[in-house]
>>> print(open('upload.cif').read())   # mmCIF, C-alpha atoms
data_start
#
loop_
_atom_site.label_atom_id
_atom_site.label_comp_id
_atom_site.auth_asym_id
_atom_site.auth_seq_id
_atom_site.Cartn_x
_atom_site.Cartn_y
_atom_site.Cartn_z
CA MET A 30 -282.33 48.67 -8.05
CA ARG A 31 -286.01 47.88 -7.64
CA LYS A 32 -287.01 44.33 -8.59
CA ILE A 33 -290.30 42.75 -9.68
CA ILE A 34 -291.15 39.31 -11.00
CA ALA A 35 -293.57 38.52 -13.85
CA PHE A 36 -295.03 35.29 -15.24
CA ARG A 37 -296.02 34.22 -18.77
CA LEU A 38 -295.30 30.58 -19.57
CA SER A 39 -297.18 30.00 -22.85
CA ALA A 40 -298.35 30.03 -25.58
CA MET A 41 -295.81 31.17 -28.15
CA GLY A 42 -297.76 34.08 -29.65
CA ASP A 43 -298.97 35.26 -26.25
CA VAL A 44 -295.46 35.20 -24.80
CA SER A 45 -294.12 37.21 -27.74
CA LEU A 46 -296.78 39.86 -27.16
CA THR A 47 -295.38 40.59 -23.69
CA VAL A 48 -292.25 42.09 -25.30
CA PRO A 49 -293.66 45.56 -26.16
CA ALA A 50 -295.15 45.91 -22.68
CA ILE A 51 -291.99 44.76 -20.88
CA LYS A 52 -289.77 47.01 -23.00
CA GLY A 53 -292.10 49.95 -22.41
CA VAL A 54 -292.04 49.47 -18.64
CA ILE A 55 -288.27 49.03 -18.48
CA GLU A 56 -287.67 52.14 -20.61
CA ALA A 57 -290.02 54.23 -18.42
CA ASN A 58 -288.54 52.98 -15.12
CA PRO A 59 -284.74 53.23 -15.27
CA ASP A 60 -284.35 51.99 -11.68
CA LEU A 61 -286.35 48.79 -12.31
CA GLU A 62 -285.23 45.21 -12.99
CA ILE A 63 -287.80 42.67 -14.18
CA THR A 64 -287.44 38.93 -13.73
CA LEU A 65 -289.64 37.06 -16.23
CA VAL A 66 -290.57 33.43 -15.62
CA THR A 67 -291.17 31.74 -18.96
CA ARG A 68 -290.03 28.77 -21.05
CA LYS A 69 -286.45 28.57 -22.30
CA PHE A 70 -287.56 28.11 -25.91
CA PHE A 71 -288.95 31.67 -25.91
CA ALA A 72 -285.69 33.31 -24.79
CA PRO A 73 -284.89 34.77 -28.28
CA PHE A 74 -287.93 37.06 -27.99
CA PHE A 75 -286.26 38.89 -25.11
CA TYR A 76 -282.71 39.14 -26.38
CA GLY A 77 -280.96 42.44 -25.72
CA ILE A 78 -283.57 43.93 -23.34
CA PRO A 79 -281.64 45.66 -20.54
CA ARG A 80 -282.49 44.91 -16.92
CA LEU A 81 -284.58 41.90 -17.89
CA ARG A 82 -283.69 38.58 -16.34
CA LEU A 83 -285.20 35.31 -17.53
CA LEU A 84 -285.90 32.32 -15.29
CA PHE A 85 -286.92 28.97 -16.78
CA PRO A 86 -288.94 26.64 -14.53
CA GLU A 87 -288.53 22.87 -14.84
CA LEU A 88 -292.21 22.21 -15.52
CA LYS A 89 -291.54 18.62 -16.58
CA GLY A 90 -289.13 18.05 -13.72
CA LYS A 91 -288.97 19.28 -10.14
CA HIS A 92 -291.61 21.98 -10.71
CA LYS A 93 -294.18 19.61 -12.16
CA GLY A 94 -297.59 19.20 -10.51
CA PHE A 95 -299.16 20.77 -7.43
CA PHE A 96 -296.23 20.23 -5.06
CA GLY A 97 -293.87 21.32 -7.81
CA LEU A 98 -295.51 24.75 -7.67
CA PHE A 99 -294.46 25.12 -4.05
CA ARG A 100 -290.90 24.15 -4.99
CA LEU A 101 -291.02 26.68 -7.82
CA PHE A 102 -292.25 29.38 -5.47
CA ALA A 103 -289.47 28.56 -3.00
CA ASP A 104 -286.86 28.72 -5.76
CA LEU A 105 -288.20 32.03 -7.08
CA LYS A 106 -288.40 33.48 -3.59
CA LYS A 107 -284.65 32.94 -3.17
CA GLU A 108 -284.00 35.14 -6.22
CA GLY A 109 -285.81 38.11 -4.62
CA PRO A 110 -286.85 40.06 -2.74
CA TYR A 111 -289.37 41.52 -5.17
CA GLU A 112 -291.68 44.45 -4.58
CA ALA A 113 -294.41 43.02 -6.80
CA ALA A 114 -295.47 39.78 -8.54
CA ILE A 115 -297.07 40.37 -11.95
CA ASP A 116 -299.23 37.57 -13.38
CA LEU A 117 -299.47 38.07 -17.15
CA HIS A 118 -300.85 34.57 -17.71
CA GLY A 119 -303.92 34.26 -15.50
CA VAL A 120 -304.04 30.45 -15.30
CA ILE A 121 -304.27 28.23 -12.22
CA ARG A 122 -300.50 27.68 -12.03
CA THR A 123 -299.59 31.36 -12.08
CA ARG A 124 -302.51 32.33 -9.85
CA ILE A 125 -301.29 29.92 -7.17
CA ILE A 126 -297.73 31.26 -7.34
CA THR A 127 -298.96 34.88 -7.26
CA PHE A 128 -301.12 34.01 -4.24
CA LEU A 129 -298.12 32.46 -2.48
CA PHE A 130 -296.17 35.66 -3.08
CA LYS A 131 -299.10 37.67 -1.69
CA ILE A 132 -299.35 35.74 1.57
CA SER A 133 -295.57 36.01 1.97
CA GLY A 134 -295.79 39.80 1.81
CA THR A 135 -295.22 40.58 -1.90
CA PRO A 136 -298.17 42.36 -3.55
CA GLY A 137 -299.60 40.46 -6.50
CA PHE A 138 -301.28 41.81 -9.63
CA SER A 139 -303.07 39.71 -12.26
CA ILE A 140 -304.06 40.38 -15.85
CA ASP A 141 -307.65 41.25 -16.69
CA LYS A 142 -308.29 39.17 -19.81
CA GLY A 143 -311.64 40.85 -20.51
CA ARG A 144 -313.50 37.55 -20.46
CA LYS A 145 -316.93 39.18 -19.97
CA GLU A 146 -316.39 41.55 -22.88
CA LYS A 147 -315.29 38.72 -25.14
CA LYS A 148 -318.17 36.50 -24.06
CA PHE A 149 -320.63 39.31 -24.80
CA LEU A 150 -319.09 39.81 -28.24
CA ILE A 151 -319.49 36.10 -29.02
CA LYS A 152 -323.12 36.01 -27.94
CA SER A 153 -324.29 39.33 -29.32
CA LYS A 154 -322.15 39.42 -32.50
CA TYR A 155 -321.88 43.14 -31.76
CA ILE A 156 -318.41 43.74 -33.14
CA ARG A 157 -316.27 46.38 -31.47
CA MET A 158 -312.52 46.38 -31.06
CA LEU A 159 -311.41 45.34 -27.58
CA LYS A 160 -308.04 46.11 -26.02
CA HIS A 161 -305.07 44.42 -27.63
CA THR A 162 -303.53 41.68 -25.47
CA THR A 163 -300.30 43.69 -25.26
CA GLU A 164 -302.25 46.61 -23.79
CA ARG A 165 -303.69 44.25 -21.19
CA TYR A 166 -300.15 43.18 -20.26
CA LEU A 167 -299.14 46.82 -19.89
CA ASP A 168 -302.25 47.56 -17.83
CA THR A 169 -301.17 44.87 -15.36
CA PHE A 170 -297.85 46.65 -14.80
CA LEU A 171 -299.64 50.01 -14.55
CA SER A 172 -302.02 48.60 -11.91
CA ALA A 173 -298.94 47.80 -9.84
CA GLY A 174 -297.85 51.43 -9.97
CA PHE A 175 -295.23 51.32 -12.73
CA LYS A 176 -295.05 53.70 -15.68
CA GLY A 177 -294.89 52.54 -19.28
CA GLN A 178 -296.25 52.78 -22.79
CA ILE A 179 -296.24 50.74 -25.98
CA GLY A 180 -293.70 51.93 -28.52
CA LYS A 181 -293.46 51.15 -32.22
CA ALA A 182 -292.18 48.08 -34.06
CA PRO A 183 -289.72 46.54 -34.50
CA PHE A 184 -289.83 45.29 -30.92
CA LEU A 185 -287.61 42.20 -31.24
CA ASN A 186 -283.82 42.48 -31.03
CA ILE A 187 -281.82 40.11 -33.21
CA LYS A 188 -278.40 38.61 -32.45
CA GLU A 189 -275.68 39.40 -34.98
CA GLU A 190 -274.90 35.68 -35.23
CA SER A 191 -278.53 34.95 -36.10
CA LYS A 192 -278.52 37.67 -38.75
CA LEU A 193 -275.40 36.13 -40.29
CA ASN A 194 -276.90 32.63 -40.31
CA ALA A 195 -280.14 33.88 -41.89
CA THR A 196 -278.17 35.73 -44.57
CA GLN A 197 -276.13 32.61 -45.30
CA PHE A 198 -279.39 30.64 -45.57
CA LEU A 199 -280.52 33.03 -48.32
CA GLN A 200 -277.15 32.96 -50.05
CA LYS A 201 -277.12 29.16 -50.19
CA LYS A 202 -280.46 29.30 -51.98
CA GLY A 203 -279.15 31.90 -54.40
CA ILE A 204 -281.66 34.54 -53.35
CA VAL A 205 -280.74 38.11 -54.21
CA SER A 206 -281.86 41.22 -52.35
CA SER A 207 -283.73 42.66 -55.35
CA LYS A 208 -286.38 39.96 -55.22
CA LEU A 209 -289.58 40.31 -53.24
CA LYS A 210 -289.46 38.03 -50.21
CA ILE A 211 -292.79 36.79 -48.87
CA GLY A 212 -293.26 34.60 -45.81
CA LEU A 213 -296.13 32.11 -45.80
CA ALA A 214 -297.41 30.62 -42.55
CA PRO A 215 -300.34 28.36 -43.51
CA PHE A 216 -300.86 26.72 -40.12
CA ALA A 217 -302.26 27.57 -36.71
CA THR A 218 -302.50 25.60 -33.48
CA LEU A 219 -306.19 24.82 -33.99
CA GLN A 220 -307.80 23.40 -37.14
CA PRO A 221 -310.70 25.94 -37.38
CA LYS A 222 -308.08 28.68 -37.83
CA ILE A 223 -306.44 27.07 -40.89
CA TRP A 224 -307.27 28.26 -44.40
CA GLY A 225 -305.73 25.27 -46.19
CA ILE A 226 -302.62 24.51 -48.24
CA GLN A 227 -304.62 24.40 -51.50
CA ASN A 228 -305.69 28.01 -51.03
CA PHE A 229 -302.09 29.02 -50.45
CA ARG A 230 -301.05 27.19 -53.62
CA GLU A 231 -303.63 29.10 -55.64
CA LEU A 232 -302.45 32.35 -54.05
CA VAL A 233 -298.84 31.54 -54.96
CA THR A 234 -299.94 30.91 -58.57
CA LEU A 235 -301.69 34.30 -58.74
CA ILE A 236 -298.64 36.10 -57.36
CA ASN A 237 -296.19 34.22 -59.57
CA GLU A 238 -298.04 35.22 -62.75
CA GLU A 239 -296.96 38.85 -62.52
CA HIS A 240 -294.32 39.18 -59.80
CA ASP A 241 -290.73 38.02 -59.23
CA VAL A 242 -291.01 36.54 -55.76
CA GLU A 243 -289.29 34.16 -53.36
CA PHE A 244 -291.61 32.45 -50.86
CA PHE A 245 -290.57 31.16 -47.44
CA LEU A 246 -292.59 28.57 -45.52
CA PHE A 247 -292.87 28.94 -41.74
CA GLY A 248 -294.47 26.36 -39.45
CA GLY A 249 -294.06 24.24 -36.36
CA GLY A 250 -294.13 20.54 -35.54
CA PRO A 251 -293.11 17.50 -37.58
CA ASP A 252 -296.55 17.02 -39.16
CA GLU A 253 -296.61 20.61 -40.37
CA ILE A 254 -293.06 20.41 -41.67
CA GLY A 255 -293.99 17.30 -43.68
CA LEU A 256 -296.90 19.12 -45.32
CA LEU A 257 -294.78 22.21 -45.93
CA ASN A 258 -292.09 20.07 -47.53
CA ASP A 259 -294.71 18.82 -50.00
CA PHE A 260 -295.84 22.41 -50.58
CA GLN A 261 -292.23 23.37 -51.32
CA GLN A 262 -292.29 21.08 -54.36
CA TYR A 263 -295.15 23.08 -55.88
CA SER A 264 -292.90 25.82 -57.26
CA PRO A 265 -289.10 26.31 -57.46
CA ASN A 266 -289.33 29.71 -55.76
CA ILE A 267 -290.80 28.23 -52.54
CA HIS A 268 -288.33 27.55 -49.73
CA LEU A 269 -288.87 25.62 -46.51
CA VAL A 270 -287.78 27.48 -43.37
CA ALA A 271 -289.56 25.39 -40.71
CA GLY A 272 -287.13 22.90 -39.20
CA GLU A 273 -284.18 24.44 -41.06
CA LEU A 274 -283.37 27.34 -38.74
CA ALA A 275 -283.35 27.92 -34.99
CA LEU A 276 -286.01 30.28 -33.61
CA SER A 277 -283.55 33.17 -33.29
CA GLU A 278 -282.55 32.66 -36.93
CA GLU A 279 -286.19 32.53 -38.04
CA LEU A 280 -286.70 35.88 -36.33
CA ALA A 281 -283.72 37.25 -38.23
CA LEU A 282 -285.13 35.94 -41.51
CA ILE A 283 -288.56 37.42 -40.77
CA ARG A 284 -286.90 40.84 -40.43
CA MET A 285 -285.58 40.39 -43.98
CA LEU A 286 -289.03 39.76 -45.47
CA ASP A 287 -291.06 42.28 -47.43
CA LEU A 288 -294.35 40.67 -46.40
CA MET A 289 -295.80 37.89 -44.25
CA ILE A 290 -299.07 36.13 -45.10
CA SER A 291 -300.33 34.02 -42.23
CA MET A 292 -303.21 32.68 -40.25
CA ASP A 293 -304.25 34.00 -36.83
CA SER A 294 -301.10 32.44 -35.36
CA SER A 295 -297.79 33.05 -33.62
CA ASN A 296 -296.07 33.74 -36.95
CA MET A 297 -298.51 36.59 -37.53
CA HIS A 298 -297.47 38.10 -34.20
CA LEU A 299 -293.76 37.57 -34.80
CA ALA A 300 -293.92 39.31 -38.18
CA ALA A 301 -295.95 42.23 -36.79
CA LEU A 302 -293.59 42.58 -33.81
CA SER A 303 -290.74 42.68 -36.33
CA GLY A 304 -292.36 45.60 -38.12
CA ILE A 305 -293.03 43.60 -41.29
CA PRO A 306 -296.25 44.19 -43.29
CA THR A 307 -298.46 41.31 -42.19
CA VAL A 308 -301.59 40.11 -43.95
CA SER A 309 -303.57 37.58 -41.92
CA ILE A 310 -306.54 35.35 -42.74
CA TRP A 311 -309.22 34.82 -40.09
CA GLY A 312 -311.96 32.22 -39.65
CA GLY A 313 -314.05 31.63 -36.54
CA THR A 314 -311.93 34.01 -34.45
CA HIS A 315 -311.94 37.77 -34.89
CA PRO A 316 -309.33 40.55 -34.58
CA ALA A 317 -311.77 42.42 -32.32
CA PHE A 318 -310.95 40.08 -29.42
CA GLY A 319 -307.57 41.79 -29.08
CA PHE A 320 -305.28 39.33 -30.85
CA PHE A 321 -304.90 41.31 -34.07
CA ALA A 322 -301.45 41.87 -35.59
CA ILE A 323 -300.08 44.74 -33.53
CA GLY A 324 -299.43 47.91 -35.48
CA GLN A 325 -300.96 46.55 -38.68
CA PRO A 326 -303.92 48.18 -40.49
CA LEU A 327 -307.23 46.47 -39.82
CA ASP A 328 -307.66 46.07 -43.60
CA TYR A 329 -304.70 43.67 -43.57
CA HIS A 330 -306.84 41.25 -41.51
CA ILE A 331 -308.85 39.38 -44.15
CA GLN A 332 -312.07 37.79 -42.99
CA THR A 333 -315.62 36.92 -43.88
CA PRO A 334 -317.70 39.84 -42.55
CA ALA A 335 -319.78 38.87 -39.53
CA SER A 336 -322.78 40.33 -41.37
CA SER A 337 -322.31 37.72 -44.13
CA LEU A 338 -322.18 34.76 -41.75
CA LYS A 339 -324.24 35.10 -38.60
CA CYS A 340 -322.40 32.39 -36.66
CA ARG A 341 -319.14 34.34 -36.86
CA PRO A 342 -317.24 34.93 -34.64
CA CYS A 343 -317.87 31.68 -32.83
CA SER A 344 -314.83 31.45 -30.57
CA VAL A 345 -312.20 33.63 -28.88
CA TYR A 346 -309.36 31.17 -29.45
CA GLY A 347 -310.66 28.97 -32.28
CA ASN A 348 -311.09 25.97 -30.00
CA LYS A 349 -314.80 25.35 -30.64
CA PRO A 350 -315.93 22.91 -33.36
CA CYS A 351 -317.66 24.44 -36.36
CA ILE A 352 -321.41 23.84 -36.75
CA PHE A 353 -320.75 23.09 -40.44
CA GLN A 354 -318.85 20.11 -41.82
CA SER A 355 -315.95 22.47 -42.53
CA PRO A 356 -315.50 26.13 -41.48
CA LYS A 357 -317.68 28.09 -43.89
CA CYS A 358 -316.02 31.34 -42.78
CA MET A 359 -312.73 30.04 -44.19
CA GLU A 360 -314.30 28.68 -47.37
CA MET A 361 -315.78 32.11 -48.11
CA VAL A 362 -312.30 33.70 -48.19
CA LYS A 363 -310.91 33.05 -51.68
CA PRO A 364 -307.30 33.31 -52.88
CA GLN A 365 -308.46 36.07 -55.23
CA ASP A 366 -309.65 38.07 -52.20
CA VAL A 367 -306.23 37.89 -50.59
CA PHE A 368 -304.48 38.71 -53.88
CA LYS A 369 -306.69 41.76 -54.42
CA THR A 370 -305.80 42.99 -50.92
CA LEU A 371 -302.09 42.64 -51.69
CA LEU A 372 -302.54 44.68 -54.87
CA LYS A 373 -304.78 47.28 -53.26
CA PHE A 374 -302.16 48.16 -50.66
CA ASN A 375 -299.14 47.83 -53.00
CA LEU A 376 -297.71 45.01 -50.93
CA LEU A 377 -296.20 43.23 -53.92
CA LYS A 378 -293.63 45.90 -54.70
CA VAL A 379 -290.01 45.66 -53.59
CA LYS A 380 -289.06 48.55 -51.34
CA GLU A 381 -285.49 49.33 -52.40
CA LYS A 382 -284.33 50.97 -49.16
CA LYS A 383 -285.61 48.09 -47.08
CA ALA A 384 -284.02 45.43 -49.29
CA ALA A 385 -280.65 47.23 -49.16
CA THR A 386 -280.84 47.44 -45.38
CA HIS A 387 -281.70 43.81 -44.78
CA LEU A 388 -279.00 42.18 -46.91
#
>>> encode(input="upload.cif", output="structure tokens")
Amino acid sequence: MRKIIAFRLSAMGDVSLTVPAIKGVIEANPDLEITLVTRKFFAPFFYGIPRLRLLFPELKGKHKGFFGLFRLFADLKKEGPYEAAIDLHGVIRTRIITFLFKISGTPGFSIDKGRKEKKFLIKSKYIRMLKHTTERYLDTFLSAGFKGQIGKAPFLNIKEESKLNATQFLQKKGIVSSKLKIGLAPFATLQPKIWGIQNFRELVTLINEEHDVEFFLFGGGPDEIGLLNDFQQYSPNIHLVAGELALSEELALIRMLDLMISMDSSNMHLAALSGIPTVSIWGGTHPAFGFFAIGQPLDYHIQTPASSLKCRPCSVYGNKPCIFQSPKCMEMVKPQDVFKTLLKFNLLKVKEKKAATHL
């Protein structure tokens, strides 16, 4: 069995996007085993992938800091030998480890993030679709001489136990399969990428007027959960998921949804990777940079046209402060715009076959 090692430590959405590439390479190379170095929290993304081994570094323990990298390299080296080291992260930490593998005789290959292309897009505002991040991951494996291609969603495998727990979660809330189930993910890691809870409330009101829906709130840390808990009180058909289920169970619940509405965030990627129709709302960032929801129509990515706001896009990741007091690109996207998109593409209709399959 041939063995290679790959690295992608963070962030959540980026790690999840390695799954289609890794699955594609493993399926195309039946004699290959991949060891992926990542964080333990992300393990549910990779459940059930054959010939994939996960290693979790102690980044807050013995592998912390500069000298910790050498200890990490030594520990990883013992798990080999590997015929290639694949850096899917492209940060200082993974570059150092890849270099150490190189000088010890293991060829190293690093991701091309397309920084020049993205920088040109920001400066010129000449919008053209760049490679999706998942394609860049695959290209890194291809550059090392391995075959592979990106398949079709769903990409994430779900544990039977997680499916059962997600189903019980719905049953406890008295939710029946005939109702439309919509996920809402109002938050993102960075403030310029957030549309705002008030906009989501208005969107919920518009949907509730004519459709029998159950909404599910997805989010992250304690601050977000507190705000989502307040949002839950807005309508009796809104249910808090964040903080209630483990990640593997959230993935199972996402597979049961009819639709996800999110920001440019990890929940957008998780829904798209699950093969769920995913409508996303974009501000200073742009799908053209290669972080769009994989497999989803471009029309599902709602945004203020760059021609209507000359400063947009202003950032690849959304980490640059807006030149206005608040992001004008987000203010220009109205709840009515999102609602009209949902109607235009018939996304507010229950698909009977899908509902019967999920529950």
>>> resolve_selection(input="upload.cif", expression="the PyMOL selection byres ((chain A and resi 272) around 9)", output="list in words")
Phe247, Gly248, Gly249, Gly250, Pro251, Ile254, Leu269, Val270, Ala271, Glu273, Leu274 and Ala275 of chain A
>>> resolve_selection(input="upload.cif", expression="the PyMOL selection byres ((chain A and resi 64-70) around 8)", output="VMD selection string")
chain A and resid 32 to 39 62 to 63 71 to 73 81 to 86
>>> residues_around(input="upload.cif", residues="A:Ser133", least_positions_apart="3", cutoff="12 Å", atoms="all atoms listed in the file", output="short mmCIF file (atom, residue, chain, number, x, y, z; two decimals) with C-alpha atoms, in the coordinates of the input")
data_model
loop_
_atom_site.label_atom_id
_atom_site.label_comp_id
_atom_site.auth_asym_id
_atom_site.auth_seq_id
_atom_site.Cartn_x
_atom_site.Cartn_y
_atom_site.Cartn_z
CA PHE A 102 -292.25 29.38 -5.47
CA ALA A 103 -289.47 28.56 -3.00
CA LYS A 106 -288.40 33.48 -3.59
CA GLY A 109 -285.81 38.11 -4.62
CA PRO A 110 -286.85 40.06 -2.74
CA TYR A 111 -289.37 41.52 -5.17
CA GLU A 112 -291.68 44.45 -4.58
CA ALA A 113 -294.41 43.02 -6.80
CA ALA A 114 -295.47 39.78 -8.54
CA ILE A 126 -297.73 31.26 -7.34
CA THR A 127 -298.96 34.88 -7.26
CA PHE A 128 -301.12 34.01 -4.24
CA LEU A 129 -298.12 32.46 -2.48
CA PHE A 130 -296.17 35.66 -3.08
CA PRO A 136 -298.17 42.36 -3.55
CA GLY A 137 -299.60 40.46 -6.50
#
>>> closest_residue(input="upload.cif", among="A:Asp252, A:Arg80, A:Leu246, A:Lys222", to="A:Pro350", atoms="all atoms listed in the file")
A:Lys222
>>> atom_distance(input="upload.cif", atom1="atom CA of A:Val379", atom2="atom CA of A:Thr307")
14.8 Å
>>> decode(input="upload.cif", residues="stretch 213-237 of chain A", atoms="N, CA and C atoms", output="CSV table (one decimal), in the first residue's frame")
chain,number,residue,atom,x,y,z
A,213,LEU,N,-31.1,28.2,8.8
A,213,LEU,CA,-30.6,29.6,8.8
A,213,LEU,C,-29.3,29.7,9.5
A,214,ALA,N,-28.3,30.2,8.8
A,214,ALA,CA,-27.0,30.4,9.5
A,214,ALA,C,-26.6,31.9,9.3
A,215,PRO,N,-27.0,32.7,10.3
A,215,PRO,CA,-26.9,34.2,10.1
A,215,PRO,C,-25.5,34.7,10.3
A,216,PHE,N,-24.6,33.9,10.8
A,216,PHE,CA,-23.3,34.4,11.2
A,216,PHE,C,-22.2,33.9,10.4
A,217,ALA,N,-21.1,34.7,10.4
A,217,ALA,CA,-19.8,34.3,9.8
A,217,ALA,C,-18.7,34.7,10.7
A,218,THR,N,-17.5,34.2,10.5
A,218,THR,CA,-16.4,34.5,11.4
A,218,THR,C,-16.1,36.0,11.5
A,219,LEU,N,-16.2,36.7,10.4
A,219,LEU,CA,-15.9,38.1,10.3
A,219,LEU,C,-17.1,39.0,10.1
A,220,GLN,N,-17.1,40.1,10.9
A,220,GLN,CA,-18.3,41.0,10.9
A,220,GLN,C,-18.7,41.5,9.5
A,221,PRO,N,-17.8,41.9,8.6
A,221,PRO,CA,-18.2,42.4,7.3
A,221,PRO,C,-19.0,41.4,6.4
A,222,LYS,N,-19.0,40.1,6.9
A,222,LYS,CA,-19.7,39.1,6.1
A,222,LYS,C,-21.0,38.7,6.7
A,223,ILE,N,-21.5,39.5,7.6
A,223,ILE,CA,-22.8,39.2,8.3
A,223,ILE,C,-23.9,40.2,7.9
A,224,TRP,N,-25.0,39.6,7.5
A,224,TRP,CA,-26.1,40.4,7.0
A,224,TRP,C,-26.9,41.0,8.1
A,225,GLY,N,-27.0,40.3,9.2
A,225,GLY,CA,-27.8,40.9,10.4
A,225,GLY,C,-29.0,40.1,10.7
A,226,ILE,N,-29.2,39.9,12.0
A,226,ILE,CA,-30.4,39.1,12.5
A,226,ILE,C,-31.7,39.8,12.1
A,227,GLN,N,-31.8,41.1,12.1
A,227,GLN,CA,-33.0,41.8,11.7
A,227,GLN,C,-33.4,41.4,10.3
A,228,ASN,N,-32.5,41.4,9.4
A,228,ASN,CA,-32.8,41.0,8.0
A,228,ASN,C,-33.4,39.5,8.0
A,229,PHE,N,-32.8,38.7,8.8
A,229,PHE,CA,-33.3,37.3,8.8
A,229,PHE,C,-34.7,37.2,9.4
A,230,ARG,N,-34.9,38.1,10.4
A,230,ARG,CA,-36.3,38.1,11.0
A,230,ARG,C,-37.3,38.5,9.9
A,231,GLU,N,-37.0,39.5,9.1
A,231,GLU,CA,-37.9,40.0,8.1
A,231,GLU,C,-38.1,38.9,7.0
A,232,LEU,N,-37.0,38.2,6.7
A,232,LEU,CA,-37.1,37.1,5.8
A,232,LEU,C,-38.0,36.0,6.3
A,233,VAL,N,-37.9,35.7,7.6
A,233,VAL,CA,-38.7,34.6,8.2
A,233,VAL,C,-40.2,35.1,8.1
A,234,THR,N,-40.5,36.3,8.3
A,234,THR,CA,-41.8,36.9,8.3
A,234,THR,C,-42.4,36.7,6.9
A,235,LEU,N,-41.6,37.0,5.8
A,235,LEU,CA,-42.1,36.9,4.5
A,235,LEU,C,-42.4,35.4,4.1
A,236,ILE,N,-41.5,34.5,4.6
A,236,ILE,CA,-41.7,33.1,4.3
A,236,ILE,C,-42.9,32.6,5.0
A,237,ASN,N,-43.1,33.0,6.3
A,237,ASN,CA,-44.2,32.5,7.1
A,237,ASN,C,-45.5,32.9,6.6
